[in-house]
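Notes follow the structure.
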Number of protein chains: 4
Amino acid sequence: MSGNTFGQLFRVTTFGESHGPAIGGIVDGVPPGLALSEADIQKDLDRRRPGQSRFTTQRREPDRVQILSGVFEGKTTGTPIGLLIANEDARSKDYAEIRDKFRPGHADFTYLMKYGLRDYRGSGRASARETAVRVAAGVIARKVLGKGVSVRGALVQIGTKGIVRARWDWNQVSRNPFFCPDPKTAKAWETYLDAVRKKGSSIGAVVEIVASGLPAGLGAPVFDRLDADIAKALMSIPAVKGVEIGSGFIAAQLTGPENADAMRRGPKGKPRFMSNNAGGVLGGISTGQDVIARFAVKPTSSISIEQPTVTVSGKNTTVATKGRHDPCVGIRAVPIGEAMVAITLADHWLRHRGQCGR
Amino acid sequence: MSGNTFGQLFRVTTFGESHGPAIGGIVDGVPPGLALSEADIQKDLDRRRPGQSRFTTQRREPDRVQILSGVFEGKTTGTPIGLLIANEDARSKDYAEIRDKFRPGHADFTYLMKYGLRDYRGSGRASARETAVRVAAGVIARKVLGKGVSVRGALVQIGTKGIVRARWDWNQVSRNPFFCPDPKTAKAWETYLDAVRKKGSSIGAVVEIVASGLPAGLGAPVFDRLDADIAKALMSIPAVKGVEIGSGFIAAQLTGPENADAMRRGPKGKPRFMSNNAGGVLGGISTGQDVIARFAVKPTSSISIEQPTVTVSGKNTTVATKGRHDPCVGIRAVPIGEAMVAITLADHWLRHRGQCGR
Amino acid sequence: MSGNTFGQLFRVTTFGESHGPAIGGIVDGVPPGLALSEADIQKDLDRRRPGQSRFTTQRREPDRVQILSGVFEGKTTGTPIGLLIANEDARSKDYAEIRDKFRPGHADFTYLMKYGLRDYRGSGRASARETAVRVAAGVIARKVLGKGVSVRGALVQIGTKGIVRARWDWNQVSRNPFFCPDPKTAKAWETYLDAVRKKGSSIGAVVEIVASGLPAGLGAPVFDRLDADIAKALMSIPAVKGVEIGSGFIAAQLTGPENADAMRRGPKGKPRFMSNNAGGVLGGISTGQDVIARFAVKPTSSISIEQPTVTVSGKNTTVATKGRHDPCVGIRAVPIGEAMVAITLADHWLRHRGQCGR
Amino acid sequence: MSGNTFGQLFRVTTFGESHGPAIGGIVDGVPPGLALSEADIQKDLDRRRPGQSRFTTQRREPDRVQILSGVFEGKTTGTPIGLLIANEDARSKDYAEIRDKFRPGHADFTYLMKYGLRDYRGSGRASARETAVRVAAGVIARKVLGKGVSVRGALVQIGTKGIVRARWDWNQVSRNPFFCPDPKTAKAWETYLDAVRKKGSSIGAVVEIVASGLPAGLGAPVFDRLDADIAKALMSIPAVKGVEIGSGFIAAQLTGPENADAMRRGPKGKPRFMSNNAGGVLGGISTGQDVIARFAVKPTSSISIEQPTVTVSGKNTTVATKGRHDPCVGIRAVPIGEAMVAITLADHWLRHRGQCGR
């Protein structure tokens, strides 16, 4: 359990720095017989890929994924799936600046404290590039969940500007550069974010993930609760500072009657919930309603504005990150959040089947 | 990994329902030679124990812990520590009501969906009683961290009423029934909560945990980030709906310069952070600053107000929970949150020593 | 993974020393709805219990098991099953001798080297008493496998005296104090072992475990092979020095044609194996034939014959273990071996169902 | 825990079939600051590589390893090390024969039973080729153990012909095509194995692994015993049918006094063992003596002699494996056994440091 593996039965292990020859991973425990191709994976990878609008970093990474094993004649074999993504745009620019200085908000300092040395090129292992492999694994996780289950994400807030939920339209998410379900807000964000970008600054955001079509019964009562594992999954995404399920932090302000989701006799006599403050999870186990999670993404630490810091040798100085960076990393966090939730659900899907046989 | 074990090197496994003969657990991987007695554990157990004020359930549980193994002549031996807490106040009252009806906001429905049967007495495994074992394990975790590290918790919000941070005083936490660091707010909460209680209702809350004295370097870069594991640890506490680290959800509203913690040359030339929006964690690894986490606790689902629900056989009905319940479970969540953070830190403490030898 | 947990989905965690108040364990991941009672477990515990013939230690341990959780109205609930066995015959005799001296063949020295201190009473955690919990867990594992699967063990060799396989009769196993399937050999062992016992010596043995009725497909190709996990399971039993599957070490002496198990068209056109040198496992996965494992148990280290050793402070001396000990621990290892194989099979049973859905 | 990962703190996860584009793996949990290069790894890979004498398969695999991550400026960074070995000699020959028939002694049948489909090319995941990654990981494990620890292997038996231990000379191991420490026996094996090879048959073997220079204290008392983990590690090597530690199966024939390793006051007053029947492990924990393990390798199932079998559709037929195969896979199992023992020791090395801080 050295920290680069996620999941118990559906297990994702990743490796790679942004400036090595490649990044990649192994997805183990995949059920056999699932149709899987590199094209399937590429579709989601492209959604995460940078350089697709002026609101994401201009770094160009084709992010071509290669399946090295575990698939035969178009179907998963049940053996581990090796994934490889070559690093292509790792230009050998001068890293003297970040080699000698700690960038505020970056892992530069903590890596050095932990390991006593660090690969400072492009943040090494801390590079958001590592998340490409998570997205690839997320595609395989979706195959495990099957067509009946959808895991979708949307950007619901940038800085202080949130969407209007009444205008939520999933079809809009793919029609603007923000994965925004509310077109009016998307327009507003363009001007807002342009201003941030031109200042050489950055801004935080909130992402919402919704998983629909799940059966009731996924999860476990105590430590490996479905919501606890989702919290870990989302908090493990770089720059995430908060996670909430259903009514989340608002629940702290509500009374019992306000927060409880009343139940009524539904179609075919099945129980139906009249609301979903629970976010689809009760006692750590899925209710069959949508599983709803939100996470807060901090503003990119890499900005071109000078910030006070110290050198590795302890002298006061300032640092400003030159070059190509995201004004709002929250945008590209959407497909990553979807992937992490899908991976968590696939793992619990198999775990539930293992213990309960259904 | 069937869900009742937490941690990798410092491992806590719990068992028990509120109405069996006992609850308990096993703490494995404890370093040898640590002084440990049942009295050490009892102190924290008593902080969590119900029935200590009119603001917590009047259930009487002595919660006497017994150490069954792993300690010899007052010192840990390095072998697993068996913990046992007898169930004493499990009165055999009539459970017909909750046997036949799903209580909104409870795990009744999800347990039945998952397992096909359930121990309905006192919520079975979903009972908050299980958390007593976590608190006991937390005491052992504190021993691993040593006297130099403190893990303290406080209630910072009940319903819409938050504390005034300027009045924060750790010494006050033990002087009011709310673990509140702000005496003025504590007074206000008394009237506020009395009203809630008399209505037979309940209310949510927010708890803050602060770990001080930690070295930099605890954690890991990708999945097993220190903050990700803390998020799972806290979200695994019953009724928790949200977790945040440092500036948390507020970070979504900030710009890069606002959120970044500037660094300056500090005492002995060591780098010093000028703020702590990171909450003591950068890139998943501790910075050496205080690790700060907050979590939102939903209002108790067990209220004496009638709520619409369905019977197990699918008929519409209403349910009201009779008997002794917490108007604000957030209060007793404070020592539980401390325990879960201490357990997570102890695990990463040992993991870091294992990999990096320091 | 601090060493006191076995299994992934069907997980057994044990605690306890021979001289604490109790030993016990937690069995996690048990499927819900299985009929289980303390009486079911007691039956197997009694088979392992000492003091049933002059060929096992005369220590008296009622070994009464108590189920503390996870069972409701006679059925497993899917939540962890807490097991407790009180230590009753832990007489507070004088341990000065073993406190100050290392007993050859014992863990006295290695515990002190690892932990820097040790609970010397009755070998502490190294006591074979810990295996009682494994036997209890094994009963639960058998429930998971169902009535169609049998896991039986037999003693096939004591010292240099092996059984005659032509005389193998499972019905005989319960009719002699040795779990011996060959009555003639059992008779011979009586005189043989009496001599050993009267000398105050001890002798080794070989145990064979046979699991019948298994489906093909349990296991995994690479590290978690069914045979590899069985090897770990059996080697983890105190005093075991060797494990083999099917033809085992004999396979080293055979040619390809001699060792290969030819296949022919069998009933209903299903493939049938003409022999079982594989021991029911090919490529780490069960073939559907009997899974056959053997393990070698060394002679008890606790003997009343004086042996040269050193004191904890490094002086040469001799030691002889007074009191009640097994002349051949291999005998009581039979039900323990059955339990460990059943636990391993139950774990792979659930793991296979989780991944492959069958 | 889907079966393709080994170890807890020092974790090796592998992927790959013999006929995909590549095989590889991820080594996670490696301590930072260890000098590591591809050349270091290549040395051991070459020892395992086929086609180096007429006694191993003539398949030509350059087995060039590529380090994709986790190493910076010649030193490990503490982040996961990605390893890649391209498949080059995977000639697309006609696999109709093995696609339609089950090869006796092969995993063909069990894979189909488990997964419902299989990659039949070159045995897919069951291919011994997968072990190349283990050897690569073993090199990294040796770095963790340091120069003071050696893990060496030797072939001690082919078929019925064992070595003469009195002639054991480690320097000879590299001077014959058998890793044989006894030159006289090595000579005899040449004629013996030539005969086997010319018949198109194969033969079994026994490999011995000796780890020297270890501290006392590695391992754990109950399930994760050092010997139990070594047993799993070695039994997980393809074609292995038995594992023993120290006196192994012979221990079953010995009396207590014969098998116990007496202790005497040694240099600097430190305890010294007068023999090593324990094989360097007592109570699951290393004694500081050599750790000695042996394992039995069955004869290669792939032989050119016709064997009776059935087709996938259940018809009786015969099969003979054409092409290039090892007459004695036991030979190439020597470096693989070394690697698996080194990996197990490195894992326990880090685990011990994590728990006990030494």
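Scheme for the structure tokens: letters A, B, ... for chains in order shown; per-chain residue numbers from 1; ligand numbers from 1 in order shown.
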Run DSSP on the backbone and grab whatever in segment 77-276 of chain A lands in alpha helix (DSSP H); send it over as an mmCIF file with N, CA, C and O atoms, in the first residue's frame.
```
data_model
loop_
_atom_site.group_PDB
_atom_site.id
_atom_site.type_symbol
_atom_site.label_atom_id
_atom_site.label_comp_id
_atom_site.auth_asym_id
_atom_site.auth_seq_id
_atom_site.Cartn_x
_atom_site.Cartn_y
_atom_site.Cartn_z
ATOM 1 N N ALA A 96 16.292 25.793 -13.815
ATOM 2 C CA ALA A 96 17.099 26.350 -12.715
ATOM 3 C C ALA A 96 16.178 27.033 -11.700
ATOM 4 O O ALA A 96 16.224 26.759 -10.501
ATOM 5 N N GLU A 97 15.263 27.879 -12.212
ATOM 6 C CA GLU A 97 14.376 28.659 -11.343
ATOM 7 C C GLU A 97 13.662 27.745 -10.329
ATOM 8 O O GLU A 97 13.807 27.900 -9.127
ATOM 9 N N ILE A 98 12.919 26.739 -10.816
ATOM 10 C CA ILE A 98 12.141 25.919 -9.872
ATOM 11 C C ILE A 98 13.017 24.885 -9.186
ATOM 12 O O ILE A 98 12.608 24.282 -8.206
ATOM 13 N N ARG A 99 14.258 24.700 -9.715
ATOM 14 C CA ARG A 99 15.130 23.766 -9.003
ATOM 15 C C ARG A 99 15.592 24.397 -7.688
ATOM 16 O O ARG A 99 15.709 23.747 -6.680
ATOM 17 N N ASP A 100 15.808 25.702 -7.725
ATOM 18 C CA ASP A 100 16.405 26.379 -6.573
ATOM 19 C C ASP A 100 15.393 27.049 -5.656
ATOM 20 O O ASP A 100 15.730 27.455 -4.553
ATOM 21 N N ASP A 108 6.837 21.304 -4.050
ATOM 22 C CA ASP A 108 8.314 21.348 -4.092
ATOM 23 C C ASP A 108 8.915 21.101 -2.720
ATOM 24 O O ASP A 108 9.794 20.250 -2.539
ATOM 25 N N PHE A 109 8.423 21.867 -1.738
ATOM 26 C CA PHE A 109 8.985 21.807 -0.387
ATOM 27 C C PHE A 109 8.710 20.457 0.277
ATOM 28 O O PHE A 109 9.603 19.826 0.832
ATOM 29 N N THR A 110 7.466 19.980 0.162
ATOM 30 C CA THR A 110 7.113 18.752 0.879
ATOM 31 C C THR A 110 7.823 17.518 0.294
ATOM 32 O O THR A 110 8.232 16.625 1.035
ATOM 33 N N TYR A 111 8.010 17.486 -1.023
ATOM 34 C CA TYR A 111 8.739 16.358 -1.624
ATOM 35 C C TYR A 111 10.159 16.313 -1.080
ATOM 36 O O TYR A 111 10.663 15.256 -0.705
ATOM 37 N N LEU A 112 10.781 17.492 -1.029
ATOM 38 C CA LEU A 112 12.169 17.535 -0.561
ATOM 39 C C LEU A 112 12.237 17.092 0.898
ATOM 40 O O LEU A 112 13.130 16.351 1.304
ATOM 41 N N MET A 113 11.239 17.519 1.685
ATOM 42 C CA MET A 113 11.208 17.129 3.104
ATOM 43 C C MET A 113 11.001 15.623 3.249
ATOM 44 O O MET A 113 11.574 14.996 4.113
ATOM 45 N N LYS A 114 10.160 15.056 2.387
ATOM 46 C CA LYS A 114 9.853 13.635 2.522
ATOM 47 C C LYS A 114 10.988 12.752 2.006
ATOM 48 O O LYS A 114 11.430 11.829 2.692
ATOM 49 N N TYR A 115 11.443 13.052 0.803
ATOM 50 C CA TYR A 115 12.360 12.142 0.124
ATOM 51 C C TYR A 115 13.827 12.557 0.197
ATOM 52 O O TYR A 115 14.713 11.756 -0.106
ATOM 53 N N THR A 131 -2.823 12.456 -13.853
ATOM 54 C CA THR A 131 -4.265 12.181 -13.859
ATOM 55 C C THR A 131 -4.760 11.631 -15.196
ATOM 56 O O THR A 131 -5.859 11.078 -15.250
ATOM 57 N N ALA A 132 -3.957 11.751 -16.244
ATOM 58 C CA ALA A 132 -4.387 11.199 -17.541
ATOM 59 C C ALA A 132 -4.622 9.694 -17.398
ATOM 60 O O ALA A 132 -5.576 9.143 -17.941
ATOM 61 N N VAL A 133 -3.765 9.037 -16.622
ATOM 62 C CA VAL A 133 -3.909 7.589 -16.440
ATOM 63 C C VAL A 133 -5.187 7.268 -15.665
ATOM 64 O O VAL A 133 -5.869 6.280 -15.933
ATOM 65 N N ARG A 134 -5.556 8.152 -14.738
ATOM 66 C CA ARG A 134 -6.799 7.929 -13.986
ATOM 67 C C ARG A 134 -7.992 7.984 -14.935
ATOM 68 O O ARG A 134 -8.928 7.192 -14.825
ATOM 69 N N VAL A 135 -7.928 8.959 -15.864
ATOM 70 C CA VAL A 135 -9.030 9.085 -16.810
ATOM 71 C C VAL A 135 -9.125 7.825 -17.671
ATOM 72 O O VAL A 135 -10.218 7.296 -17.908
ATOM 73 N N ALA A 136 -7.977 7.314 -18.090
ATOM 74 C CA ALA A 136 -7.967 6.079 -18.885
ATOM 75 C C ALA A 136 -8.581 4.931 -18.076
ATOM 76 O O ALA A 136 -9.430 4.188 -18.571
ATOM 77 N N ALA A 137 -8.192 4.816 -16.827
ATOM 78 C CA ALA A 137 -8.731 3.749 -15.972
ATOM 79 C C ALA A 137 -10.228 3.957 -15.750
ATOM 80 O O ALA A 137 -10.993 2.988 -15.647
ATOM 81 N N GLY A 138 -10.630 5.218 -15.718
ATOM 82 C CA GLY A 138 -12.048 5.510 -15.518
ATOM 83 C C GLY A 138 -12.905 4.962 -16.650
ATOM 84 O O GLY A 138 -14.042 4.530 -16.433
ATOM 85 N N VAL A 139 -12.355 4.966 -17.842
ATOM 86 C CA VAL A 139 -13.097 4.431 -18.985
ATOM 87 C C VAL A 139 -13.345 2.932 -18.783
ATOM 88 O O VAL A 139 -14.442 2.427 -19.032
ATOM 89 N N ILE A 140 -12.327 2.241 -18.286
ATOM 90 C CA ILE A 140 -12.482 0.804 -18.042
ATOM 91 C C ILE A 140 -13.492 0.588 -16.917
ATOM 92 O O ILE A 140 -14.330 -0.316 -16.969
ATOM 93 N N ALA A 141 -13.456 1.470 -15.925
ATOM 94 C CA ALA A 141 -14.414 1.372 -14.813
ATOM 95 C C ALA A 141 -15.847 1.511 -15.334
ATOM 96 O O ALA A 141 -16.746 0.777 -14.899
ATOM 97 N N ARG A 142 -16.063 2.424 -16.273
ATOM 98 C CA ARG A 142 -17.402 2.602 -16.838
ATOM 99 C C ARG A 142 -17.879 1.320 -17.512
ATOM 100 O O ARG A 142 -19.065 0.974 -17.467
ATOM 101 N N LYS A 143 -16.938 0.605 -18.129
ATOM 102 C CA LYS A 143 -17.312 -0.655 -18.793
ATOM 103 C C LYS A 143 -17.796 -1.661 -17.758
ATOM 104 O O LYS A 143 -18.709 -2.447 -18.015
ATOM 105 N N VAL A 144 -17.174 -1.639 -16.588
ATOM 106 C CA VAL A 144 -17.580 -2.562 -15.521
ATOM 107 C C VAL A 144 -18.996 -2.221 -15.061
ATOM 108 O O VAL A 144 -19.825 -3.108 -14.849
ATOM 109 N N LEU A 145 -19.279 -0.934 -14.942
ATOM 110 C CA LEU A 145 -20.597 -0.500 -14.463
ATOM 111 C C LEU A 145 -21.680 -0.759 -15.508
ATOM 112 O O LEU A 145 -22.847 -0.959 -15.161
ATOM 113 N N PRO A 183 -25.671 27.470 -19.910
ATOM 114 C CA PRO A 183 -25.024 28.249 -20.973
ATOM 115 C C PRO A 183 -24.858 29.722 -20.618
ATOM 116 O O PRO A 183 -23.823 30.321 -20.912
ATOM 117 N N LYS A 184 -25.844 30.301 -19.948
ATOM 118 C CA LYS A 184 -25.747 31.722 -19.600
ATOM 119 C C LYS A 184 -24.518 31.948 -18.728
ATOM 120 O O LYS A 184 -23.698 32.826 -18.965
ATOM 121 N N THR A 185 -24.384 31.124 -17.706
ATOM 122 C CA THR A 185 -23.235 31.269 -16.806
ATOM 123 C C THR A 185 -21.930 31.029 -17.565
ATOM 124 O O THR A 185 -20.937 31.733 -17.361
ATOM 125 N N ALA A 186 -21.959 30.079 -18.481
ATOM 126 C CA ALA A 186 -20.749 29.784 -19.262
ATOM 127 C C ALA A 186 -20.266 31.048 -19.978
ATOM 128 O O ALA A 186 -19.080 31.359 -19.962
ATOM 129 N N LYS A 187 -21.215 31.750 -20.565
ATOM 130 C CA LYS A 187 -20.862 33.002 -21.250
ATOM 131 C C LYS A 187 -20.197 33.967 -20.269
ATOM 132 O O LYS A 187 -19.127 34.520 -20.526
ATOM 133 N N ALA A 188 -20.831 34.135 -19.120
ATOM 134 C CA ALA A 188 -20.312 35.069 -18.114
ATOM 135 C C ALA A 188 -18.890 34.669 -17.704
ATOM 136 O O ALA A 188 -18.007 35.521 -17.524
ATOM 137 N N TRP A 189 -18.681 33.363 -17.565
ATOM 138 C CA TRP A 189 -17.359 32.893 -17.146
ATOM 139 C C TRP A 189 -16.275 33.288 -18.152
ATOM 140 O O TRP A 189 -15.136 33.543 -17.775
ATOM 141 N N GLU A 190 -16.618 33.340 -19.425
ATOM 142 C CA GLU A 190 -15.594 33.672 -20.436
ATOM 143 C C GLU A 190 -14.926 34.993 -20.111
ATOM 144 O O GLU A 190 -13.710 35.092 -19.997
ATOM 145 N N THR A 191 -15.745 36.053 -19.928
ATOM 146 C CA THR A 191 -15.181 37.378 -19.622
ATOM 147 C C THR A 191 -14.448 37.321 -18.280
ATOM 148 O O THR A 191 -13.335 37.808 -18.127
ATOM 149 N N TYR A 192 -15.102 36.678 -17.305
ATOM 150 C CA TYR A 192 -14.530 36.592 -15.953
ATOM 151 C C TYR A 192 -13.144 35.960 -15.993
ATOM 152 O O TYR A 192 -12.166 36.505 -15.473
ATOM 153 N N LEU A 193 -13.052 34.839 -16.673
ATOM 154 C CA LEU A 193 -11.802 34.091 -16.689
ATOM 155 C C LEU A 193 -10.748 34.763 -17.559
ATOM 156 O O LEU A 193 -9.545 34.701 -17.264
ATOM 157 N N ASP A 194 -11.197 35.457 -18.619
ATOM 158 C CA ASP A 194 -10.233 36.200 -19.436
ATOM 159 C C ASP A 194 -9.501 37.229 -18.588
ATOM 160 O O ASP A 194 -8.283 37.386 -18.682
ATOM 161 N N ALA A 195 -10.263 37.900 -17.741
ATOM 162 C CA ALA A 195 -9.664 38.911 -16.864
ATOM 163 C C ALA A 195 -8.611 38.268 -15.962
ATOM 164 O O ALA A 195 -7.479 38.741 -15.838
ATOM 165 N N VAL A 196 -8.983 37.153 -15.349
ATOM 166 C CA VAL A 196 -8.056 36.432 -14.474
ATOM 167 C C VAL A 196 -6.796 36.055 -15.242
ATOM 168 O O VAL A 196 -5.668 36.306 -14.813
ATOM 169 N N ARG A 197 -7.015 35.515 -16.422
ATOM 170 C CA ARG A 197 -5.901 35.019 -17.234
ATOM 171 C C ARG A 197 -4.963 36.166 -17.603
ATOM 172 O O ARG A 197 -3.747 36.055 -17.475
ATOM 173 N N LYS A 198 -5.542 37.282 -18.011
ATOM 174 C CA LYS A 198 -4.701 38.396 -18.455
ATOM 175 C C LYS A 198 -3.886 38.950 -17.309
ATOM 176 O O LYS A 198 -2.746 39.380 -17.471
ATOM 177 N N LEU A 226 -19.241 3.893 0.875
ATOM 178 C CA LEU A 226 -19.173 4.378 -0.495
ATOM 179 C C LEU A 226 -18.828 5.860 -0.504
ATOM 180 O O LEU A 226 -17.958 6.312 -1.265
ATOM 181 N N ASP A 227 -19.433 6.625 0.400
ATOM 182 C CA ASP A 227 -19.151 8.067 0.411
ATOM 183 C C ASP A 227 -17.743 8.360 0.925
ATOM 184 O O ASP A 227 -17.080 9.283 0.459
ATOM 185 N N ALA A 228 -17.255 7.543 1.852
ATOM 186 C CA ALA A 228 -15.892 7.750 2.363
ATOM 187 C C ALA A 228 -14.868 7.460 1.265
ATOM 188 O O ALA A 228 -13.886 8.190 1.108
ATOM 189 N N ASP A 229 -15.114 6.403 0.501
ATOM 190 C CA ASP A 229 -14.173 6.076 -0.571
ATOM 191 C C ASP A 229 -14.243 7.111 -1.696
ATOM 192 O O ASP A 229 -13.228 7.431 -2.323
ATOM 193 N N ILE A 230 -15.437 7.650 -1.946
ATOM 194 C CA ILE A 230 -15.557 8.723 -2.945
ATOM 195 C C ILE A 230 -14.821 9.971 -2.446
ATOM 196 O O ILE A 230 -14.124 10.648 -3.204
ATOM 197 N N ALA A 231 -14.925 10.243 -1.158
ATOM 198 C CA ALA A 231 -14.232 11.407 -0.591
ATOM 199 C C ALA A 231 -12.732 11.273 -0.785
ATOM 200 O O ALA A 231 -12.052 12.215 -1.202
ATOM 201 N N LYS A 232 -12.210 10.081 -0.518
ATOM 202 C CA LYS A 232 -10.772 9.870 -0.723
ATOM 203 C C LYS A 232 -10.425 10.002 -2.198
ATOM 204 O O LYS A 232 -9.441 10.650 -2.567
ATOM 205 N N ALA A 233 -11.254 9.401 -3.045
ATOM 206 C CA ALA A 233 -10.991 9.410 -4.487
ATOM 207 C C ALA A 233 -10.893 10.835 -5.016
ATOM 208 O O ALA A 233 -9.980 11.174 -5.778
ATOM 209 N N LEU A 234 -11.823 11.691 -4.589
ATOM 210 C CA LEU A 234 -11.851 13.061 -5.112
ATOM 211 C C LEU A 234 -10.790 13.935 -4.451
ATOM 212 O O LEU A 234 -10.153 14.762 -5.094
ATOM 213 N N MET A 235 -10.553 13.712 -3.145
ATOM 214 C CA MET A 235 -9.534 14.513 -2.457
ATOM 215 C C MET A 235 -8.137 14.141 -2.952
ATOM 216 O O MET A 235 -7.186 14.894 -2.757
ATOM 217 N N GLY A 256 -33.370 18.096 11.428
ATOM 218 C CA GLY A 256 -33.683 16.729 11.026
ATOM 219 C C GLY A 256 -34.776 16.659 9.986
ATOM 220 O O GLY A 256 -34.586 16.047 8.930
ATOM 221 N N PRO A 257 -35.934 17.301 10.237
ATOM 222 C CA PRO A 257 -37.018 17.212 9.255
ATOM 223 C C PRO A 257 -36.626 17.822 7.901
ATOM 224 O O PRO A 257 -37.029 17.323 6.855
ATOM 225 N N GLU A 258 -35.810 18.880 7.939
ATOM 226 C CA GLU A 258 -35.412 19.515 6.679
ATOM 227 C C GLU A 258 -34.485 18.616 5.865
ATOM 228 O O GLU A 258 -34.559 18.569 4.634
ATOM 229 N N ASN A 259 -33.599 17.903 6.549
ATOM 230 C CA ASN A 259 -32.568 17.148 5.834
ATOM 231 C C ASN A 259 -32.981 15.731 5.464
ATOM 232 O O ASN A 259 -32.509 15.169 4.474
#
```
Worksheet item: Skipping near chain neighbours, those fewer than 6 positions away, what residues fall within 9 Å of segment 5-8 of chain D using only C-alpha atoms, listed as a ChimeraX atom specification?
Response: /A:1-2,28 /B:8 /C:1,222-224 /D:14,29,229,233,343-344,346-348,351
Discussion item. What's the separation between atom CA of Gly16 of chain B and atom CA of Lys101 of chain B, in Å to one decimal place?
Written reply: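 Distance between the two atoms: 22.9 Å.
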Worksheet entry | chain D contacts to chain B at 7 Å (only C-alpha atoms) as a list in words | Gly29, Val30, Pro31, Pro32, Leu350, Arg351, Arg353, Gly354, Gln355, Cys356 and Gly357 of chain D
Practice prompt. Enumerate, as a ChimeraX atom specification, the complete set of residues in segment 146-344 of chain C that a backbone-based DSSP assignment places in strand (DSSP E).
Written response: /C:150-158,161-162,205-212,240-245,263-265,271-273,281-282,285-286,291-297,307-310,316-319
Response to the item:
Restricting to only C-alpha atoms, whichever of A:Gly280, A:Pro327, A:Gly146, A:Pro299 is closest to Gly217 of chain A is A:Gly280
So that I can see what lies close to Ser123 of chain A, please list as a compact mmCIF listing (two decimals) with C-alpha atoms, in the first residue's frame the residues with an atom at most 9 Å from it, counting only C-alpha atoms and leaving out residues fewer than 6 positions away in the same chain.
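That gives us out-v2.txt:
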```txt
# COMPACT_ATOMS: atom_id res chain seq x y z
CA GLU A 17 6.49 11.92 -14.00
CA SER A 18 5.72 14.60 -16.55
CA HIS A 19 9.28 14.56 -17.84
CA ILE A 98 12.14 25.92 -9.87
CA HIS A 106 3.38 23.58 -4.76
CA ALA A 107 4.71 20.28 -3.51
CA ASP A 108 8.31 21.35 -4.09
```
Practice prompt. For atom CA of Asp261 of chain B and atom CA of Asp290 of chain B, determine how far apart the two atoms are, in Å to one decimal place.
Written response: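 Between these atoms lies a distance of 13.1 Å.
Once Gly153 of chain D and its same-chain neighbours fewer than 6 positions away are set aside, D:Phe179, D:Val207, D:Glu208, D:Ile209, D:Val210, D:Val334, D:Pro335, D:Gly337, D:Glu338 remain within 8 Å of it when counting only C-alpha atoms.
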Output N, CA and C atoms for every residue in the selection just made, as a compact mmCIF listing (two decimals), in the first residue's frame.
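selection-v5.txt, freshly written:
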```txt
# COMPACT_ATOMS: atom_id res chain seq x y z
N PHE D 179 23.57 -23.19 -13.09
CA PHE D 179 23.64 -22.54 -11.77
C PHE D 179 23.94 -23.60 -10.71
N VAL D 207 15.51 -26.13 -6.58
CA VAL D 207 16.34 -24.93 -6.47
C VAL D 207 16.47 -24.55 -4.99
N GLU D 208 17.66 -24.11 -4.60
CA GLU D 208 17.86 -23.64 -3.22
C GLU D 208 18.27 -22.18 -3.24
N ILE D 209 17.62 -21.39 -2.37
CA ILE D 209 17.94 -19.97 -2.25
C ILE D 209 18.49 -19.72 -0.84
N VAL D 210 19.58 -18.98 -0.76
CA VAL D 210 20.20 -18.67 0.53
C VAL D 210 20.39 -17.15 0.65
N VAL D 334 16.20 -20.37 -11.16
CA VAL D 334 17.15 -19.95 -10.10
C VAL D 334 17.14 -18.43 -9.90
N PRO D 335 17.41 -17.63 -10.95
CA PRO D 335 17.37 -16.18 -10.72
C PRO D 335 15.98 -15.67 -10.34
N GLY D 337 13.81 -17.34 -8.44
CA GLY D 337 13.68 -17.63 -7.01
C GLY D 337 14.44 -16.61 -6.17
N GLU D 338 15.66 -16.27 -6.63
CA GLU D 338 16.43 -15.24 -5.93
C GLU D 338 15.63 -13.94 -5.84
```
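Atom CA of Ile250 of chain C lies 28.4 Å from atom CA of Asn4 of chain D.
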